[in-house]
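**Student:** Dropping in model06.cif, with mmCIF, C-alpha atoms (C1' of nucleotides).
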```cif
data_data
loop_
_atom_site.group_PDB
_atom_site.id
_atom_site.type_symbol
_atom_site.label_atom_id
_atom_site.label_comp_id
_atom_site.auth_asym_id
_atom_site.auth_seq_id
_atom_site.Cartn_x
_atom_site.Cartn_y
_atom_site.Cartn_z
ATOM 1 C CA MET M 1 -23.129 -54.584 -11.846
ATOM 2 C CA PRO M 2 -25.974 -55.942 -9.832
ATOM 3 C CA GLU M 3 -27.669 -53.765 -7.264
ATOM 4 C CA LEU M 4 -30.673 -54.655 -5.113
ATOM 5 C CA PRO M 5 -33.205 -54.959 -7.982
ATOM 6 C CA GLU M 6 -30.934 -57.246 -9.987
ATOM 7 C CA VAL M 7 -30.026 -59.373 -6.967
ATOM 8 C CA GLU M 8 -33.691 -59.679 -5.990
ATOM 9 C CA THR M 9 -34.564 -60.700 -9.560
ATOM 10 C CA VAL M 10 -31.861 -63.362 -9.430
ATOM 11 C CA ARG M 11 -33.168 -64.540 -6.052
ATOM 12 C CA ARG M 12 -36.688 -64.916 -7.399
ATOM 13 C CA SER M 13 -35.449 -66.708 -10.499
ATOM 14 C CA VAL M 14 -33.584 -69.376 -8.510
ATOM 15 C CA GLU M 15 -35.914 -69.785 -5.533
ATOM 16 C CA ALA M 16 -38.300 -72.421 -6.910
ATOM 17 C CA ALA M 17 -35.497 -74.596 -8.276
ATOM 18 C CA VAL M 18 -33.297 -74.332 -5.214
ATOM 19 C CA VAL M 19 -35.586 -74.544 -2.188
ATOM 20 C CA GLY M 20 -36.312 -78.171 -1.345
ATOM 21 C CA SER M 21 -33.531 -79.441 -3.585
ATOM 22 C CA THR M 22 -30.519 -81.416 -2.414
ATOM 23 C CA VAL M 23 -26.916 -80.986 -3.509
ATOM 24 C CA VAL M 24 -25.711 -84.133 -5.267
ATOM 25 C CA ARG M 25 -22.539 -82.703 -6.867
ATOM 26 C CA VAL M 26 -20.291 -79.720 -6.128
ATOM 27 C CA GLU M 27 -17.261 -78.410 -7.932
ATOM 28 C CA ALA M 28 -15.436 -75.308 -6.804
ATOM 29 C CA THR M 29 -12.944 -74.705 -9.576
ATOM 30 C CA GLY M 30 -12.117 -71.037 -9.126
ATOM 31 C CA TRP M 31 -9.923 -70.268 -6.162
ATOM 32 C CA ARG M 32 -10.703 -66.533 -6.011
ATOM 33 C CA THR M 33 -14.447 -67.105 -5.683
ATOM 34 C CA VAL M 34 -14.032 -69.199 -2.520
ATOM 35 C CA ARG M 35 -11.059 -67.210 -1.147
ATOM 36 C CA ARG M 36 -12.722 -66.514 2.178
ATOM 37 C CA THR M 37 -12.605 -70.213 3.013
ATOM 38 C CA SER M 38 -11.421 -72.799 0.490
ATOM 39 C CA LYS M 39 -12.581 -74.992 -2.367
ATOM 40 C CA ARG M 40 -12.817 -77.889 0.044
ATOM 41 C CA ALA M 41 -14.835 -75.963 2.616
ATOM 42 C CA VAL M 42 -17.413 -75.028 -0.021
ATOM 43 C CA GLU M 43 -17.577 -78.523 -1.500
ATOM 44 C CA VAL M 44 -17.783 -80.305 1.853
ATOM 45 C CA GLY M 45 -20.169 -77.680 3.215
ATOM 46 C CA LEU M 46 -22.642 -78.176 0.376
ATOM 47 C CA LEU M 47 -22.514 -81.844 -0.610
ATOM 48 C CA GLY M 48 -25.573 -83.743 0.574
ATOM 49 C CA GLU M 49 -27.243 -80.655 2.034
ATOM 50 C CA THR M 50 -30.784 -79.515 1.279
ATOM 51 C CA PHE M 51 -31.683 -75.879 0.623
ATOM 52 C CA VAL M 52 -34.547 -74.619 2.778
ATOM 53 C CA ALA M 53 -34.695 -70.910 1.895
ATOM 54 C CA ALA M 54 -33.429 -68.344 -0.611
ATOM 55 C CA ARG M 55 -33.154 -64.944 1.067
ATOM 56 C CA ARG M 56 -31.569 -61.599 0.261
ATOM 57 C CA ARG M 57 -30.258 -58.690 2.317
ATOM 58 C CA GLY M 58 -29.191 -55.679 0.296
ATOM 59 C CA LYS M 59 -26.955 -57.072 -2.439
ATOM 60 C CA TYR M 60 -26.206 -60.273 -0.506
ATOM 61 C CA LEU M 61 -27.889 -63.554 -1.434
ATOM 62 C CA LEU M 62 -28.327 -65.929 1.503
ATOM 63 C CA PHE M 63 -29.312 -69.545 1.033
ATOM 64 C CA ASP M 64 -30.206 -71.461 4.185
ATOM 65 C CA LEU M 65 -29.355 -75.140 4.465
ATOM 66 C CA ALA M 66 -31.232 -77.795 6.413
ATOM 67 C CA ASN M 67 -28.253 -78.316 8.751
ATOM 68 C CA GLY M 68 -28.422 -74.713 9.983
ATOM 69 C CA ASN M 69 -25.585 -73.360 7.865
ATOM 70 C CA SER M 70 -26.038 -70.724 5.164
ATOM 71 C CA VAL M 71 -24.490 -69.917 1.821
ATOM 72 C CA MET M 72 -23.597 -66.322 1.054
ATOM 73 C CA VAL M 73 -23.318 -65.370 -2.616
ATOM 74 C CA HIS M 74 -22.213 -61.877 -3.627
ATOM 75 C CA LEU M 75 -22.139 -61.051 -7.347
ATOM 76 C CA ARG M 76 -20.064 -57.859 -6.972
ATOM 77 C CA MET M 77 -19.380 -56.386 -10.424
ATOM 78 C CA SER M 78 -19.621 -59.243 -12.884
ATOM 79 C CA GLY M 79 -21.001 -62.299 -11.081
ATOM 80 C CA ARG M 80 -23.934 -64.285 -12.446
ATOM 81 C CA LEU M 81 -25.896 -67.146 -10.943
ATOM 82 C CA LEU M 82 -27.320 -69.427 -13.625
ATOM 83 C CA LEU M 83 -29.668 -72.391 -13.646
ATOM 84 C CA THR M 84 -28.756 -74.767 -16.450
ATOM 85 C CA ASP M 85 -29.138 -78.307 -17.599
ATOM 86 C CA PRO M 86 -26.236 -80.313 -16.106
ATOM 87 C CA THR M 87 -25.187 -81.368 -19.607
ATOM 88 C CA ALA M 88 -24.999 -77.820 -20.961
ATOM 89 C CA PRO M 89 -21.493 -76.604 -21.785
ATOM 90 C CA ARG M 90 -19.951 -74.433 -19.102
ATOM 91 C CA GLU M 91 -19.511 -70.780 -19.863
ATOM 92 C CA PRO M 92 -16.024 -69.321 -19.550
ATOM 93 C CA HIS M 93 -15.273 -68.152 -15.992
ATOM 94 C CA THR M 94 -17.542 -70.728 -14.354
ATOM 95 C CA HIS M 95 -16.095 -70.996 -10.835
ATOM 96 C CA VAL M 96 -18.628 -73.012 -8.819
ATOM 97 C CA VAL M 97 -21.039 -75.689 -10.048
ATOM 98 C CA ILE M 98 -23.709 -77.012 -7.680
ATOM 99 C CA GLY M 99 -25.623 -80.063 -8.916
ATOM 100 C CA LEU M 100 -29.149 -80.074 -7.476
ATOM 101 C CA SER M 101 -31.683 -82.868 -7.282
ATOM 102 C CA SER M 102 -35.302 -81.805 -6.779
ATOM 103 C CA PRO M 103 -37.826 -83.820 -4.720
ATOM 104 C CA SER M 104 -39.280 -85.087 -8.005
ATOM 105 C CA GLY M 105 -35.845 -86.374 -8.980
ATOM 106 C CA SER M 106 -34.992 -83.945 -11.765
ATOM 107 C CA GLU M 107 -31.465 -82.563 -11.851
ATOM 108 C CA THR M 108 -30.374 -78.977 -12.428
ATOM 109 C CA ASP M 109 -27.077 -77.117 -12.149
ATOM 110 C CA LEU M 110 -26.744 -73.889 -10.203
ATOM 111 C CA ARG M 111 -23.594 -72.234 -11.561
ATOM 112 C CA PHE M 112 -21.626 -69.215 -10.431
ATOM 113 C CA VAL M 113 -19.971 -67.419 -13.352
ATOM 114 C CA ASP M 114 -17.775 -64.372 -12.801
ATOM 115 C CA PRO M 115 -15.173 -62.964 -15.247
ATOM 116 C CA ARG M 116 -13.718 -60.368 -12.897
ATOM 117 C CA THR M 117 -13.682 -62.712 -9.894
ATOM 118 C CA PHE M 118 -14.679 -60.023 -7.403
ATOM 119 C CA GLY M 119 -17.695 -62.109 -6.423
ATOM 120 C CA GLU M 120 -17.754 -64.633 -3.596
ATOM 121 C CA VAL M 121 -19.344 -67.854 -2.449
ATOM 122 C CA VAL M 122 -19.093 -68.668 1.268
ATOM 123 C CA VAL M 123 -20.628 -71.560 3.211
ATOM 124 C CA PHE M 124 -20.818 -70.507 6.838
ATOM 125 C CA ASN M 125 -22.303 -71.185 10.237
ATOM 126 C CA PRO M 126 -24.418 -68.157 11.226
ATOM 127 C CA ASP M 127 -23.039 -68.409 14.777
ATOM 128 C CA ASP M 128 -19.521 -67.793 13.494
ATOM 129 C CA ASP M 129 -18.202 -64.420 12.399
ATOM 130 C CA LEU M 130 -17.187 -65.430 8.903
ATOM 131 C CA VAL M 131 -19.466 -62.925 7.132
ATOM 132 C CA PRO M 132 -19.504 -59.926 9.484
ATOM 133 C CA GLU M 133 -20.580 -57.474 6.783
ATOM 134 C CA ILE M 134 -24.117 -58.880 6.820
ATOM 135 C CA SER M 135 -24.669 -57.713 10.368
ATOM 136 C CA ARG M 136 -23.436 -54.234 9.499
ATOM 137 C CA LEU M 137 -26.015 -53.706 6.750
ATOM 138 C CA GLY M 138 -28.615 -51.005 7.130
ATOM 139 C CA LEU M 139 -32.296 -51.522 6.398
ATOM 140 C CA ASP M 140 -33.370 -52.995 3.097
ATOM 141 C CA PRO M 141 -35.775 -50.633 1.264
ATOM 142 C CA LEU M 142 -38.161 -53.486 0.469
ATOM 143 C CA VAL M 143 -38.931 -54.500 4.068
ATOM 144 C CA ASP M 144 -41.826 -53.121 6.130
ATOM 145 C CA GLU M 145 -39.417 -51.805 8.764
ATOM 146 C CA PHE M 146 -37.981 -49.337 6.255
ATOM 147 C CA THR M 147 -40.095 -46.510 7.648
ATOM 148 C CA PHE M 148 -39.411 -42.819 7.343
ATOM 149 C CA GLN M 149 -38.383 -42.630 10.989
ATOM 150 C CA GLN M 150 -35.887 -45.461 10.539
ATOM 151 C CA PHE M 151 -34.551 -43.921 7.354
ATOM 152 C CA ARG M 152 -34.121 -40.534 8.962
ATOM 153 C CA SER M 153 -32.260 -41.845 11.976
ATOM 154 C CA ALA M 154 -30.043 -44.008 9.739
ATOM 155 C CA LEU M 155 -29.039 -40.960 7.702
ATOM 156 C CA GLY M 156 -28.119 -39.137 10.871
ATOM 157 C CA ARG M 157 -27.412 -35.475 10.666
ATOM 158 C CA ARG M 158 -24.204 -35.311 8.796
ATOM 159 C CA LYS M 159 -22.204 -33.030 6.611
ATOM 160 C CA ARG M 160 -21.742 -35.836 4.176
ATOM 161 C CA GLY M 161 -22.867 -35.674 0.548
ATOM 162 C CA LEU M 162 -26.187 -37.320 -0.305
ATOM 163 C CA LYS M 163 -24.768 -39.704 -2.858
ATOM 164 C CA ALA M 164 -22.010 -41.020 -0.599
ATOM 165 C CA THR M 165 -24.559 -41.454 2.190
ATOM 166 C CA LEU M 166 -27.069 -43.422 0.118
ATOM 167 C CA LEU M 167 -24.303 -45.631 -1.288
ATOM 168 C CA ASP M 168 -23.202 -46.497 2.253
ATOM 169 C CA GLN M 169 -24.555 -50.023 2.787
ATOM 170 C CA SER M 170 -24.740 -49.495 6.547
ATOM 171 C CA VAL M 171 -27.220 -46.644 6.001
ATOM 172 C CA VAL M 172 -29.489 -48.308 3.437
ATOM 173 C CA ALA M 173 -28.719 -51.765 2.072
ATOM 174 C CA GLY M 174 -28.792 -52.426 -1.636
ATOM 175 C CA ILE M 175 -28.514 -49.053 -3.374
ATOM 176 C CA GLY M 176 -25.731 -48.880 -5.967
ATOM 177 C CA ASN M 177 -24.470 -46.411 -8.534
ATOM 178 C CA ILE M 178 -27.321 -46.630 -11.041
ATOM 179 C CA TYR M 179 -30.195 -46.396 -8.587
ATOM 180 C CA VAL M 180 -28.689 -43.689 -6.395
ATOM 181 C CA ASP M 181 -28.519 -41.412 -9.446
ATOM 182 C CA GLU M 182 -32.113 -42.235 -10.391
ATOM 183 C CA ILE M 183 -33.391 -41.751 -6.815
ATOM 184 C CA LEU M 184 -31.661 -38.379 -6.472
ATOM 185 C CA HIS M 185 -32.979 -37.248 -9.838
ATOM 186 C CA ARG M 186 -36.536 -38.172 -8.942
ATOM 187 C CA THR M 187 -36.143 -36.238 -5.713
ATOM 188 C CA ARG M 188 -34.640 -33.332 -7.675
ATOM 189 C CA LEU M 189 -31.640 -33.181 -5.390
ATOM 190 C CA ARG M 190 -28.003 -32.968 -6.401
ATOM 191 C CA HIS M 191 -25.525 -35.653 -5.365
ATOM 192 C CA ASP M 192 -23.426 -33.149 -3.407
ATOM 193 C CA ARG M 193 -26.192 -31.752 -1.230
ATOM 194 C CA LYS M 194 -25.406 -32.331 2.443
ATOM 195 C CA VAL M 195 -27.704 -34.507 4.496
ATOM 196 C CA ASP M 196 -27.950 -32.012 7.338
ATOM 197 C CA ALA M 197 -29.139 -29.253 4.982
ATOM 198 C CA LEU M 198 -32.312 -31.028 3.856
ATOM 199 C CA SER M 199 -35.794 -29.977 4.911
ATOM 200 C CA LEU M 200 -38.181 -32.468 6.484
ATOM 201 C CA ALA M 201 -40.220 -32.441 3.277
ATOM 202 C CA GLN M 202 -37.147 -33.238 1.197
ATOM 203 C CA LEU M 203 -36.217 -36.087 3.530
ATOM 204 C CA ARG M 204 -39.720 -37.513 3.234
ATOM 205 C CA LEU M 205 -39.566 -37.319 -0.531
ATOM 206 C CA LEU M 206 -36.140 -38.954 -0.568
ATOM 207 C CA HIS M 207 -37.443 -41.827 1.538
ATOM 208 C CA ALA M 208 -40.536 -42.302 -0.621
ATOM 209 C CA ASN M 209 -38.558 -42.156 -3.861
ATOM 210 C CA THR M 210 -35.980 -44.637 -2.599
ATOM 211 C CA VAL M 211 -38.738 -47.185 -2.040
ATOM 212 C CA GLU M 212 -40.487 -46.254 -5.273
ATOM 213 C CA VAL M 213 -37.476 -46.476 -7.584
ATOM 214 C CA ILE M 214 -36.285 -49.749 -6.075
ATOM 215 C CA ARG M 215 -39.778 -51.285 -6.275
ATOM 216 C CA GLU M 216 -40.244 -50.218 -9.883
ATOM 217 C CA ALA M 217 -36.826 -51.559 -10.813
ATOM 218 C CA VAL M 218 -37.572 -54.938 -9.192
ATOM 219 C CA GLU M 219 -40.877 -54.979 -11.064
ATOM 220 C CA ALA M 220 -38.920 -54.422 -14.304
ATOM 221 C CA GLY M 221 -36.487 -57.224 -13.516
ATOM 222 C CA GLY M 222 -33.569 -54.809 -12.979
ATOM 223 C CA SER M 223 -31.431 -52.956 -15.511
ATOM 224 C CA THR M 224 -29.525 -54.708 -18.291
ATOM 225 C CA LEU M 225 -27.042 -52.230 -19.779
ATOM 226 C CA SER M 226 -25.722 -52.273 -23.327
ATOM 227 C CA ASP M 227 -23.097 -54.907 -22.500
ATOM 228 C CA THR M 228 -25.960 -57.289 -21.493
ATOM 229 C CA GLN M 229 -23.794 -58.591 -18.679
ATOM 230 C CA TYR M 230 -26.695 -58.765 -16.285
ATOM 231 C CA VAL M 231 -29.315 -61.470 -16.759
ATOM 232 C CA ASP M 232 -31.271 -63.467 -14.198
ATOM 233 C CA ALA M 233 -30.685 -67.178 -13.534
ATOM 234 C CA LEU M 234 -32.771 -68.125 -16.571
ATOM 235 C CA GLY M 235 -30.922 -65.729 -18.857
ATOM 236 C CA ARG M 236 -33.667 -63.096 -18.973
ATOM 237 C CA GLU M 237 -32.699 -59.436 -19.293
ATOM 238 C CA GLY M 238 -34.175 -56.623 -17.212
ATOM 239 C CA ILE M 239 -35.975 -53.662 -18.770
ATOM 240 C CA PHE M 240 -35.584 -50.890 -16.197
ATOM 241 C CA GLN M 241 -32.789 -49.313 -18.285
ATOM 242 C CA THR M 242 -35.529 -47.965 -20.566
ATOM 243 C CA ALA M 243 -36.845 -46.001 -17.588
ATOM 244 C CA HIS M 244 -33.480 -44.458 -16.629
ATOM 245 C CA ARG M 245 -33.741 -40.685 -16.603
ATOM 246 C CA VAL M 246 -30.111 -39.809 -15.934
ATOM 247 C CA TYR M 247 -27.910 -42.900 -15.728
ATOM 248 C CA ASP M 248 -25.854 -43.329 -18.923
ATOM 249 C CA ARG M 249 -27.622 -40.330 -20.523
ATOM 250 C CA GLU M 250 -24.749 -37.826 -20.483
ATOM 251 C CA GLY M 251 -25.259 -35.051 -23.043
ATOM 252 C CA GLN M 252 -28.910 -35.891 -23.630
ATOM 253 C CA ARG M 253 -31.843 -33.676 -22.773
ATOM 254 C CA CYS M 254 -33.463 -34.092 -19.366
ATOM 255 C CA LEU M 255 -36.680 -36.079 -19.667
ATOM 256 C CA THR M 256 -38.068 -34.486 -16.521
ATOM 257 C CA CYS M 257 -37.733 -30.746 -17.146
ATOM 258 C CA GLY M 258 -37.042 -30.778 -20.884
ATOM 259 C CA ARG M 259 -34.474 -28.030 -20.469
ATOM 260 C CA GLY M 260 -31.317 -29.350 -18.825
ATOM 261 C CA ILE M 261 -28.625 -31.442 -20.523
ATOM 262 C CA ILE M 262 -27.588 -34.430 -18.414
ATOM 263 C CA ARG M 263 -24.093 -34.045 -16.999
ATOM 264 C CA ARG M 264 -21.632 -36.677 -15.854
ATOM 265 C CA VAL M 265 -19.119 -35.963 -13.115
ATOM 266 C CA VAL M 266 -17.193 -38.042 -10.603
ATOM 267 C CA ALA M 267 -18.634 -37.869 -7.081
ATOM 268 C CA ALA M 268 -18.149 -40.189 -4.140
ATOM 269 C CA GLY M 269 -15.562 -41.783 -6.406
ATOM 270 C CA ARG M 270 -18.229 -42.890 -8.865
ATOM 271 C CA SER M 271 -19.504 -41.829 -12.236
ATOM 272 C CA THR M 272 -22.457 -39.552 -11.433
ATOM 273 C CA HIS M 273 -25.286 -38.407 -13.706
ATOM 274 C CA PHE M 274 -27.636 -35.511 -13.003
ATOM 275 C CA CYS M 275 -29.657 -32.693 -14.518
ATOM 276 C CA PRO M 276 -28.097 -29.325 -13.613
ATOM 277 C CA VAL M 277 -31.437 -27.578 -14.162
ATOM 278 C CA CYS M 278 -33.982 -29.562 -12.152
ATOM 279 C CA GLN M 279 -31.691 -31.063 -9.514
ATOM 280 C CA ARG M 280 -30.635 -28.546 -6.884
ATOM 281 C "C1'" DA A 1 -15.705 -37.029 9.935
ATOM 282 C "C1'" DA A 2 -15.623 -37.032 5.184
ATOM 283 C "C1'" DA A 3 -13.436 -37.174 0.662
ATOM 284 C "C1'" DC A 4 -10.182 -39.556 -2.247
ATOM 285 C "C1'" DA A 5 -7.326 -43.173 -4.208
ATOM 286 C "C1'" DA A 6 -6.086 -47.640 -4.774
ATOM 287 C "C1'" DA A 7 -6.745 -52.426 -4.648
ATOM 288 C "C1'" DC A 8 -9.006 -56.656 -6.358
ATOM 289 C "C1'" DC A 9 -9.734 -58.603 -12.134
ATOM 290 C "C1'" DT A 10 -11.371 -59.185 -17.074
ATOM 291 C "C1'" DG A 11 -13.866 -57.460 -20.989
ATOM 292 C "C1'" DT A 12 -15.339 -53.933 -23.996
ATOM 293 C "C1'" DG A 13 -15.504 -49.851 -26.582
ATOM 294 C "C1'" DC A 14 -13.328 -45.967 -28.285
ATOM 295 C "C1'" DG A 15 -9.849 -43.091 -30.768
ATOM 296 C "C1'" DC A 16 -6.103 -43.307 -33.683
ATOM 297 C "C1'" DT Y 1 -7.900 -54.362 -38.925
ATOM 298 C "C1'" DG Y 2 -5.199 -53.757 -34.843
ATOM 299 C "C1'" DC Y 3 -3.331 -51.491 -30.686
ATOM 300 C "C1'" DG Y 4 -3.419 -49.095 -26.441
ATOM 301 C "C1'" DC Y 5 -5.920 -46.842 -23.176
ATOM 302 C "C1'" DA Y 6 -9.913 -45.557 -20.328
ATOM 303 C "C1'" DC Y 7 -13.512 -47.274 -18.020
ATOM 304 C "C1'" DA Y 8 -17.219 -50.474 -15.887
ATOM 305 C "C1'" DG Y 9 -22.801 -52.159 -11.919
ATOM 306 C "C1'" DG Y 10 -19.086 -53.252 -5.623
ATOM 307 C "C1'" DT Y 11 -16.578 -53.208 -1.353
ATOM 308 C "C1'" DT Y 12 -12.616 -52.693 1.639
ATOM 309 C "C1'" DT Y 13 -8.642 -50.400 3.219
ATOM 310 C "C1'" DG Y 14 -5.611 -46.774 3.863
ATOM 311 C "C1'" DT Y 15 -4.371 -41.836 3.281
ATOM 312 C "C1'" DT Y 16 -5.215 -36.898 3.312
#
```
Starting from the coordinates I provided, produce the structure as structure tokens.

**Tutor:**
Amino acid sequence: MPELPEVETVRRSVEAAVVGSTVVRVEATGWRTVRRTSKRAVEVGLLGETFVAARRRGKYLLFDLANGNSVMVHLRMSGRLLLTDPTAPREPHTHVVIGLSSPSGSETDLRFVDPRTFGEVVVFNPDDDLVPEISRLGLDPLVDEFTFQQFRSALGRRKRGLKATLLDQSVVAGIGNIYVDEILHRTRLRHDRKVDALSLAQLRLLHANTVEVIREAVEAGGSTLSDTQYVDALGREGIFQTAHRVYDREGQRCLTCGRGIIRRVVAAGRSTHFCPVCQR
DNA sequence: AAACAAACCTGTGCGC
DNA sequence: TGCGCACAGGTTTGTT
């Protein structure tokens, strides 16, 4: 579900409540969510600690603790991070509850809810190799270092399809199935075009549109699809779905050229939407 | 090297 | 109204 724009929106929605607050209660109830370590490791690792930063890399949320450890939270397909009153009833599939006390003394719960249990919560020492995937991530499109030169060298010159390449988190961090389709549509390129067949101008456009689409989506608070699964930590929905030009628009007329009918195929193992007329 | 398929799970929406 | 099936935003692993 959540791609970079949704994860960034969640990060922003928890930051003020989390940073500076101290953990006064922890309950890891779901085993699958803490499978990388254990319930005990998460509870012991958090209790009494103070959060000092709420960061994000690609789709990974990283919370730094005052003792030098960090907390990695990945939402995968169905995870949600919610800020609630500690007395509020727990939603079904609540797997981790972190009771926070702010400097002013007010108490809030940070809860991890995840029906499909693909998501994870890991408390780790950054010197250890417990979360190696973080170090393998490519550049995040929102950082200053995401320059055209960096982007171009990360793509390499390959015979690989564009969609598979952009979905590869070691090439660019944070792009998922919705945004890759929107980025490729804006660039008027098909998902199956090969990276090594693109002109310099097309590469430049692809880089610029990657940044543009992701920025606009963050601005819109992400995309909440019809199932309304995705909301930020305060329960607010995103509105970028109203700006989708191809995703979930199979059979509808192309909003860009007004001539094509949006098609859906499977590419790179994922449901793929594109306009057969204006994407080449 | 790249393209697929399957695996991990639950919920939902569709056709009958 | 109810049932069964297909499918879903991510990532890893193994096979062609």

**Student:** Once you count only C-alpha atoms (C1' of nucleotides), which residues of chain A turn out to be within 8 Å of chain M? Could you give them as a short mmCIF file (atom, residue, chain, number, x, y, z; two decimals) with C-alpha atoms (C1' of nucleotides), in the coordinates of the input?

**Tutor:**
```
data_model
loop_
_atom_site.label_atom_id
_atom_site.label_comp_id
_atom_site.auth_asym_id
_atom_site.auth_seq_id
_atom_site.Cartn_x
_atom_site.Cartn_y
_atom_site.Cartn_z
"C1'" DA A 2 -15.62 -37.03 5.18
"C1'" DA A 3 -13.44 -37.17 0.66
"C1'" DC A 4 -10.18 -39.56 -2.25
"C1'" DC A 8 -9.01 -56.66 -6.36
"C1'" DC A 9 -9.73 -58.60 -12.13
"C1'" DT A 10 -11.37 -59.18 -17.07
"C1'" DT A 12 -15.34 -53.93 -24.00
#
```

**Student:** Could you list the residues in chain Y lying within 10 Å of chain M, using only C-alpha atoms (C1' of nucleotides), and format the result as a PyMOL selection string?

**Tutor:** chain Y and resi 7-11

**Student:** With 4 Å on each side, where is the centre of the axis-aligned box around all listed atoms of chain Y, and how long are its edges in Å to one decimal, as lines of an AutoDock Vina configuration file?

**Tutor:**
```
center_x = -13.1
center_y = -45.6
center_z = -17.5
size_x = 27.5
size_y = 25.5
size_z = 50.8
```

**Student:** So which residues get picked by the PyMOL selection byres ((chain M and resi 85) around 7) here, written as a PyMOL selection string?

**Tutor:** chain M and resi 84+86-88+108-109

**Student:** When distances are computed from all atoms listed in the file, which of M:Thr94, M:Ala208, M:Asp181, M:Arg236 shows the smallest separation from M:Arg249?

**Tutor:** M:Asp181

**Student:** When you look at M:Val96 with a cut-off of 8 Å (counting all atoms listed in the file), what residues show up, excluding the ones that are within fewer than 4 positions of it in the same chain? I need them as a count of residues only.

**Tutor:** 9

**Student:** For the file shown, report as a VMD selection string the outcome of the PyMOL selection byres ((chain Y and resi 5) around 12) at residue level.

**Tutor:** (chain A and resid 12 to 16) or (chain Y and resid 3 to 4 6 to 7)

**Student:** Hey, can you pull every residue with an atom no more than 12 Å from (-1.9, -48.7, 1.9), using all atoms listed in the file, and send it as a list in words?

**Tutor:** DA5, DA6 and DA7 of chain A; DT12, DT13, DG14 and DT15 of chain Y

**Student:** Quick one: pull the distance between atom CA of M:His244 and atom CA of M:Glu182, Å, one decimal.

**Tutor:** 6.8 Å

**Student:** Do you have the atom CA of M:Val73-atom CA of M:Glu120 distance handy?

**Tutor:**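 Going from atom CA of M:Val73 over to atom CA of M:Glu120 covers 5.7 Å.
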
**Student:** Write out as a list in words which residues come within 8 Å of stretch 99-101 of chain M when counting only C-alpha atoms (C1' of nucleotides), dropping same-chain ones fewer than 4 positions away.

**Tutor:**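 With the cut-off at 8 Å, the set is Val18, Ser21, Thr22, Val23, Val24, Arg25, Val26, Pro86, Gly105, Ser106, Glu107, Thr108, Asp109 and Leu110 of chain M.
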
**Student:** Which value, in Å to one decimal, gives the distance between atom CA of M:Val195 and atom CA of M:Leu162?

**Tutor:**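 Atom CA of M:Leu162 lies 5.8 Å from atom CA of M:Val195.
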
**Student:** Counting all atoms listed in the file, figure out which residue out of M:Gly58, M:Gly221, M:Pro103, M:Gly79 gets nearest to M:Ala173.

**Tutor:**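 Between M:Gly58, M:Gly221, M:Pro103, M:Gly79, the residue approaching M:Ala173 most closely is M:Gly58.
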
**Student:** Decode the PyMOL selection byres ((chain M and resi 240) around 7) for the given file into explicit residues and return them as a PyMOL selection string.

**Tutor:** chain M and resi 217+220-223+238-239+241-244

**Student:** Could you please take those selected residues and save C-alpha atoms as a short mmCIF file (atom, residue, chain, number, x, y, z; two decimals), in the coordinates of the input?

**Tutor:**
```
data_model
loop_
_atom_site.label_atom_id
_atom_site.label_comp_id
_atom_site.auth_asym_id
_atom_site.auth_seq_id
_atom_site.Cartn_x
_atom_site.Cartn_y
_atom_site.Cartn_z
CA ALA M 217 -36.83 -51.56 -10.81
CA ALA M 220 -38.92 -54.42 -14.30
CA GLY M 221 -36.49 -57.22 -13.52
CA GLY M 222 -33.57 -54.81 -12.98
CA SER M 223 -31.43 -52.96 -15.51
CA GLY M 238 -34.17 -56.62 -17.21
CA ILE M 239 -35.98 -53.66 -18.77
CA GLN M 241 -32.79 -49.31 -18.28
CA THR M 242 -35.53 -47.96 -20.57
CA ALA M 243 -36.84 -46.00 -17.59
CA HIS M 244 -33.48 -44.46 -16.63
#
```

**Student:** Please list as a ChimeraX atom specification every residue within 8 Å of M:Leu206, counting all atoms listed in the file and excluding residues in the same chain fewer than 6 positions away.

**Tutor:** /M:183-184,187

**Student:** Which residues are close to M:Val14, i.e. within 9 Å by only C-alpha atoms (C1' of nucleotides), leaving aside same-chain residues fewer than 4 positions away? Reply as a PDB file with C-alpha atoms, in the coordinates of the input.

**Tutor:**
```pdb
ATOM      1  CA  THR M   9     -34.564 -60.700  -9.560  1.00  0.00           C
ATOM      2  CA  VAL M  10     -31.861 -63.362  -9.430  1.00  0.00           C
ATOM      3  CA  VAL M  18     -33.297 -74.332  -5.214  1.00  0.00           C
ATOM      4  CA  VAL M  19     -35.586 -74.544  -2.188  1.00  0.00           C
ATOM      5  CA  ALA M  54     -33.429 -68.344  -0.611  1.00  0.00           C
ATOM      6  CA  LEU M  81     -25.896 -67.146 -10.943  1.00  0.00           C
ATOM      7  CA  LEU M  82     -27.320 -69.427 -13.625  1.00  0.00           C
ATOM      8  CA  LEU M  83     -29.668 -72.391 -13.646  1.00  0.00           C
ATOM      9  CA  LEU M 110     -26.744 -73.889 -10.203  1.00  0.00           C
ATOM     10  CA  ASP M 232     -31.271 -63.467 -14.198  1.00  0.00           C
ATOM     11  CA  ALA M 233     -30.685 -67.178 -13.534  1.00  0.00           C
ATOM     12  CA  LEU M 234     -32.771 -68.125 -16.571  1.00  0.00           C
TER      13      LEU M 234
END
```

**Student:** Could you name the residues that touch M:Val34 at 7 Å or less, counting only C-alpha atoms (C1' of nucleotides), but leaving out those on the same chain fewer than 2 positions away, as a PyMOL selection string?

**Tutor:** chain M and resi 31-32+36-39+120-122
